[in-house]
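*Asks:* Coordinates in input-v3.tsv, TSV, C-alpha atoms, are listed below.
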chain	number	residue	atom	x	y	z
A	1	MET	CA	143.18	45.24	13.38
A	2	ASP	CA	139.46	44.67	13.41
A	3	ASN	CA	137.61	41.53	14.37
A	4	THR	CA	136.39	39.48	11.41
A	5	VAL	CA	133.30	37.45	10.66
A	6	GLU	CA	133.55	34.99	7.78
A	7	VAL	CA	130.08	34.11	6.45
A	8	VAL	CA	129.27	31.27	4.08
A	9	VAL	CA	125.73	31.50	2.72
A	10	GLU	CA	124.87	27.95	1.77
A	11	ASN	CA	121.20	28.47	1.01
A	12	ALA	CA	119.45	31.11	-1.10
A	13	LEU	CA	116.76	31.47	1.59
A	14	TRP	CA	119.22	33.82	3.29
A	15	ASN	CA	119.44	36.17	0.30
A	16	ARG	CA	116.70	38.43	1.66
A	17	PHE	CA	118.93	39.31	4.62
A	18	ASP	CA	122.38	40.86	4.75
A	19	ILE	CA	123.59	38.11	7.07
A	20	GLU	CA	127.17	39.35	6.90
A	21	ASP	CA	126.18	42.81	8.16
A	22	ILE	CA	123.93	41.32	10.86
A	23	ALA	CA	126.74	39.04	12.02
A	24	ASN	CA	129.34	41.82	12.05
A	25	ARG	CA	127.06	44.09	14.06
A	26	ALA	CA	126.27	41.28	16.53
A	27	PHE	CA	129.94	40.37	16.95
A	28	GLY	CA	130.86	44.04	17.30
A	29	ALA	CA	128.31	44.53	20.08
A	30	VAL	CA	129.53	41.42	21.93
A	31	ALA	CA	133.20	42.37	21.50
A	32	GLU	CA	132.59	45.88	22.85
A	33	LYS	CA	130.47	44.72	25.80
A	34	LEU	CA	132.89	41.96	26.86
A	35	GLY	CA	136.07	43.92	26.19
A	36	LEU	CA	137.53	41.69	23.49
A	37	VAL	CA	140.55	43.86	22.86
A	38	ASP	CA	143.42	41.36	22.63
A	39	GLY	CA	142.50	39.95	19.21
A	40	PRO	CA	141.88	40.50	16.51
A	41	TYR	CA	139.32	37.73	16.75
A	42	GLU	CA	137.57	35.84	13.99
A	43	LEU	CA	134.54	33.59	13.84
A	44	SER	CA	132.88	31.72	10.99
A	45	ILE	CA	129.18	31.45	10.29
A	46	LEU	CA	127.39	28.97	8.06
A	47	ALA	CA	123.99	30.31	6.97
A	48	CYS	CA	122.19	27.13	6.01
A	49	ASP	CA	118.79	25.48	5.81
A	50	ASP	CA	117.00	23.09	8.15
A	51	ALA	CA	118.15	19.99	6.26
A	52	ARG	CA	121.82	20.92	6.67
A	53	ILE	CA	121.55	21.91	10.32
A	54	ALA	CA	119.64	18.69	11.08
A	55	VAL	CA	122.63	16.72	9.75
A	56	LEU	CA	125.00	18.81	11.88
A	57	ASN	CA	122.74	18.48	14.94
A	58	ALA	CA	122.66	14.69	14.51
A	59	GLU	CA	126.40	14.45	13.98
A	60	PHE	CA	127.50	16.69	16.84
A	61	ARG	CA	124.66	16.47	19.37
A	62	GLY	CA	122.97	13.17	18.54
A	63	LYS	CA	119.65	14.94	17.91
A	64	GLN	CA	117.90	13.99	14.67
A	65	THR	CA	116.07	17.30	14.21
A	66	PRO	CA	116.76	20.79	12.93
A	67	THR	CA	117.60	23.49	15.44
A	68	ASN	CA	117.98	27.25	15.16
A	69	VAL	CA	121.69	27.72	15.87
A	70	LEU	CA	124.72	25.56	16.69
A	71	SER	CA	128.10	26.66	18.00
A	72	TRP	CA	131.54	25.05	18.01
A	73	PRO	CA	133.90	26.99	20.31
A	74	GLY	CA	137.56	27.23	19.42
A	75	PHE	CA	138.47	27.27	23.12
A	76	ASP	CA	136.98	26.05	26.37
A	77	LEU	CA	136.37	29.36	28.09
A	78	SER	CA	133.67	28.10	30.44
A	79	PRO	CA	134.04	29.03	34.09
A	80	ALA	CA	135.00	26.44	36.70
A	81	MET	CA	131.78	27.02	38.66
A	82	ALA	CA	128.18	27.69	37.71
A	83	GLY	CA	127.48	31.42	37.72
A	84	GLY	CA	131.12	32.30	37.10
A	85	LYS	CA	132.24	34.60	34.33
A	86	PRO	CA	133.90	32.83	31.39
A	87	ASP	CA	137.52	33.52	30.55
A	88	LEU	CA	138.32	35.80	27.63
A	89	PRO	CA	139.86	34.14	24.58
A	90	PRO	CA	143.64	34.28	24.35
A	91	PRO	CA	145.31	37.13	22.47
A	92	ALA	CA	146.73	36.65	19.00
A	93	MET	CA	150.28	35.37	19.18
A	94	HIS	CA	153.08	37.13	17.36
A	95	GLY	CA	152.69	36.40	13.67
A	96	ASP	CA	149.10	35.18	13.91
A	97	PRO	CA	146.71	37.45	12.01
A	98	PHE	CA	143.79	36.57	14.31
A	99	VAL	CA	142.43	34.22	16.97
A	100	ASN	CA	139.59	32.02	15.71
A	101	ILE	CA	137.02	31.77	18.50
A	102	GLY	CA	134.88	29.20	16.70
A	103	ASP	CA	132.12	28.42	14.25
A	104	ILE	CA	128.36	28.92	14.17
A	105	ALA	CA	125.64	27.44	11.95
A	106	ILE	CA	122.22	29.07	11.72
A	107	ALA	CA	119.17	27.62	9.95
A	108	CYS	CA	116.83	29.86	8.00
A	109	GLN	CA	113.53	27.96	8.14
A	110	THR	CA	113.66	27.29	11.89
A	111	CYS	CA	114.70	30.87	12.52
A	112	MET	CA	111.81	32.26	10.44
A	113	GLN	CA	109.27	29.88	12.00
A	114	GLU	CA	110.34	30.89	15.51
A	115	ALA	CA	110.19	34.60	14.66
A	116	ASP	CA	106.73	34.20	13.14
A	117	LYS	CA	105.41	32.16	16.08
A	118	ALA	CA	106.77	34.68	18.61
A	119	GLY	CA	105.67	37.73	16.60
A	120	ILE	CA	109.27	38.95	16.40
A	121	GLU	CA	110.82	40.81	13.48
A	122	PRO	CA	112.95	38.18	11.62
A	123	LEU	CA	115.97	40.50	11.54
A	124	HIS	CA	115.78	40.86	15.33
A	125	HIS	CA	115.49	37.11	15.85
A	126	ILE	CA	118.47	36.44	13.57
A	127	THR	CA	120.49	39.00	15.52
A	128	HIS	CA	119.45	37.41	18.81
A	129	LEU	CA	120.40	33.91	17.65
A	130	LEU	CA	123.79	35.09	16.39
A	131	ILE	CA	124.48	36.85	19.70
A	132	HIS	CA	123.39	33.67	21.48
A	133	GLY	CA	125.77	31.60	19.35
A	134	ILE	CA	128.66	34.03	19.84
A	135	LEU	CA	128.16	33.94	23.60
A	136	HIS	CA	128.35	30.13	23.46
A	137	LEU	CA	131.68	30.48	21.62
A	138	LEU	CA	132.85	32.69	24.48
A	139	GLY	CA	132.02	30.19	27.23
A	140	TYR	CA	128.50	31.21	28.20
A	141	ASP	CA	125.82	28.54	28.51
A	142	HIS	CA	122.38	27.89	29.93
A	143	GLU	CA	123.01	24.52	31.59
A	144	THR	CA	122.16	25.76	35.08
A	145	GLU	CA	119.55	28.29	36.18
A	146	ILE	CA	122.18	30.81	37.29
A	147	ASP	CA	124.12	30.48	34.02
A	148	ALA	CA	120.92	30.74	31.98
A	149	LYS	CA	119.95	33.94	33.81
A	150	MET	CA	123.41	35.43	33.30
A	151	MET	CA	123.39	34.60	29.58
A	152	GLU	CA	119.82	35.82	29.10
A	153	THR	CA	120.57	39.11	30.87
A	154	LEU	CA	123.63	39.64	28.70
A	155	GLU	CA	121.63	38.89	25.54
A	156	ILE	CA	118.95	41.40	26.56
A	157	GLU	CA	121.59	44.08	27.26
A	158	LEU	CA	123.36	43.45	23.96
A	159	LEU	CA	120.15	43.52	21.96
A	160	ALA	CA	119.06	46.74	23.72
A	161	SER	CA	122.40	48.32	22.75
A	162	MET	CA	121.43	47.55	19.15
A	163	GLY	CA	117.92	48.99	19.49
A	164	ILE	CA	116.25	45.56	19.70
A	165	GLY	CA	113.70	44.73	22.37
A	166	ASN	CA	113.77	41.95	24.93
A	167	PRO	CA	113.03	38.65	23.14
A	168	TYR	CA	112.16	36.94	26.43
A	169	GLN	CA	109.40	39.27	27.60
A	170	ASN	CA	106.66	37.30	25.80
A	171	VAL	CA	108.02	33.87	26.69
If you convert what's in this file into structure tokens, what do you get?

*Replies:*
Amino acid sequence: MDNTVEVVVENALWNRFDIEDIANRAFGAVAEKLGLVDGPYELSILACDDARIAVLNAEFRGKQTPTNVLSWPGFDLSPAMAGGKPDLPPPAMHGDPFVNIGDIAIACQTCMQEADKAGIEPLHHITHLLIHGILHLLGYDHETEIDAKMMETLEIELLASMGIGNPYQNV
């Protein structure tokens, strides 16, 4: 069985993008690179606006502002030590159709503003943010310098595999 991405488009601002295709391609690239073969795995994405993500950011992170992407992992896969490789999610158990690795919300206005400010193609920035969110679901973070470097390197490699340039080169 194939991995699945469930997308809920909550705001018409997303209608100019095929967010479902972008998300499936991003998840496919991550799954292939990390060897996610014991699934099938599923994740859910909420494509929303800044107002909605600001409410979510306040509720879950205590920050009263919009952000680009939020992630809610289904499992704690984070490594025991900084710089360690996260665990893979568990395999689907007998009778389970899939393993849900978590949920992501992505905000259109913030995403478009960031892409414009950085001079990045919006489609590429959306792809990058979804990969970033998926990696968070899979236990990667940027809390320490070594973890940030590992996650950034993985993002660059994944984006390159999709024909997208390094989003960090102009930062």

*Asks:* Work out how far apart atom CA of A:Pro122 and atom CA of A:Thr67 are and give it in Å to one decimal.

*Replies:*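 It comes out at 15.9 Å.
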
*Asks:* Could you work out how far atom CA of A:Asp18 lies from atom CA of A:Lys63, giving the answer in Å with one decimal?

*Replies:*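 If I compute the distance from atom CA of A:Lys63 to atom CA of A:Asp18, I get 29.2 Å.
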
*Asks:* Mind checking which residues fall within 10 Å of A:Val8, counting only C-alpha atoms, ignoring those fewer than 5 positions away in the same chain, and posting them as a list in words?

*Replies:*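 Near neighbours after the sequence-gap exclusion: Ile19, Glu20, Ser44, Ile45, Leu46, Ala47, Cys48 and Ala105 of chain A.
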
*Asks:* Got a sec: who's within 8 Å of A:Leu123, counting all atoms listed in the file, leaving out chain neighbours fewer than 3 positions off, as a PyMOL selection string?

*Replies:* chain A and resi 17+126-127

*Asks:* Rank nothing, just name the residue among A:Lys149, A:His136, A:His124, A:His142 nearest to A:Gly74, using only C-alpha atoms.

*Replies:* A:His136

*Asks:* How far is it from atom CA of A:Pro40 to atom CA of A:Asn166, in Å with one decimal?

*Replies:*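 These two atoms are separated by 29.4 Å.
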
*Asks:* Using all atoms listed in the file, pick whichever of A:Gln169, A:Ser71, A:Gly95, A:Asp21 has the shortest atom-to-atom distance to A:Asn57.

*Replies:*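 Comparing A:Gln169, A:Ser71, A:Gly95, A:Asp21 against A:Asn57, the winner is A:Ser71.
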
*Asks:* Set the distance at 10 Å and use all atoms listed in the file: which residues neighbour A:Ala51 once local chain neighbours fewer than 4 positions away are removed? I'd like the list as number ranges by chain.

*Replies:* A: 55-57, 65-67, 107, 109

*Asks:* From the options A:Met81, A:Val69, A:Ala115, A:Met93, which residue's atoms come nearest to A:Leu129, counting all atoms listed in the file?

*Replies:*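 Closest residue, counting all atoms listed in the file: A:Val69.
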
*Asks:* Around (137.0, 35.4, 14.7) in the file's own coordinates, what residues are found within 8 Å if you use only C-alpha atoms, given back as a ChimeraX atom specification?

*Replies:* /A:3-6,40-44,98-102

*Asks:* For A:Ile156, which residue among A:His128, A:Val37, A:Gly133, A:Trp14 is the nearest when counting all atoms listed in the file?

*Replies:*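 Answer, going by the shortest atom-to-atom distance: A:His128.
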
*Asks:* I'd like the box whose edges run along x, y and z of the file and which contains every listed atom of stretch 142-152 of chain A, padded by 4 Å per side; could you state its centre and edge lengths in Å, one decimal, as AutoDock Vina command-line options?

*Replies:*
--center_x 121.8 --center_y 30.2 --center_z 33.2 --size_x 12.6 --size_y 19.3 --size_z 16.2

*Asks:* Which one is closest to A:Pro86: A:Gly139, A:His132, A:Val7, A:Gly119? Count all atoms listed in the file.

*Replies:*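 Result for the nearest residue to A:Pro86: A:Gly139.
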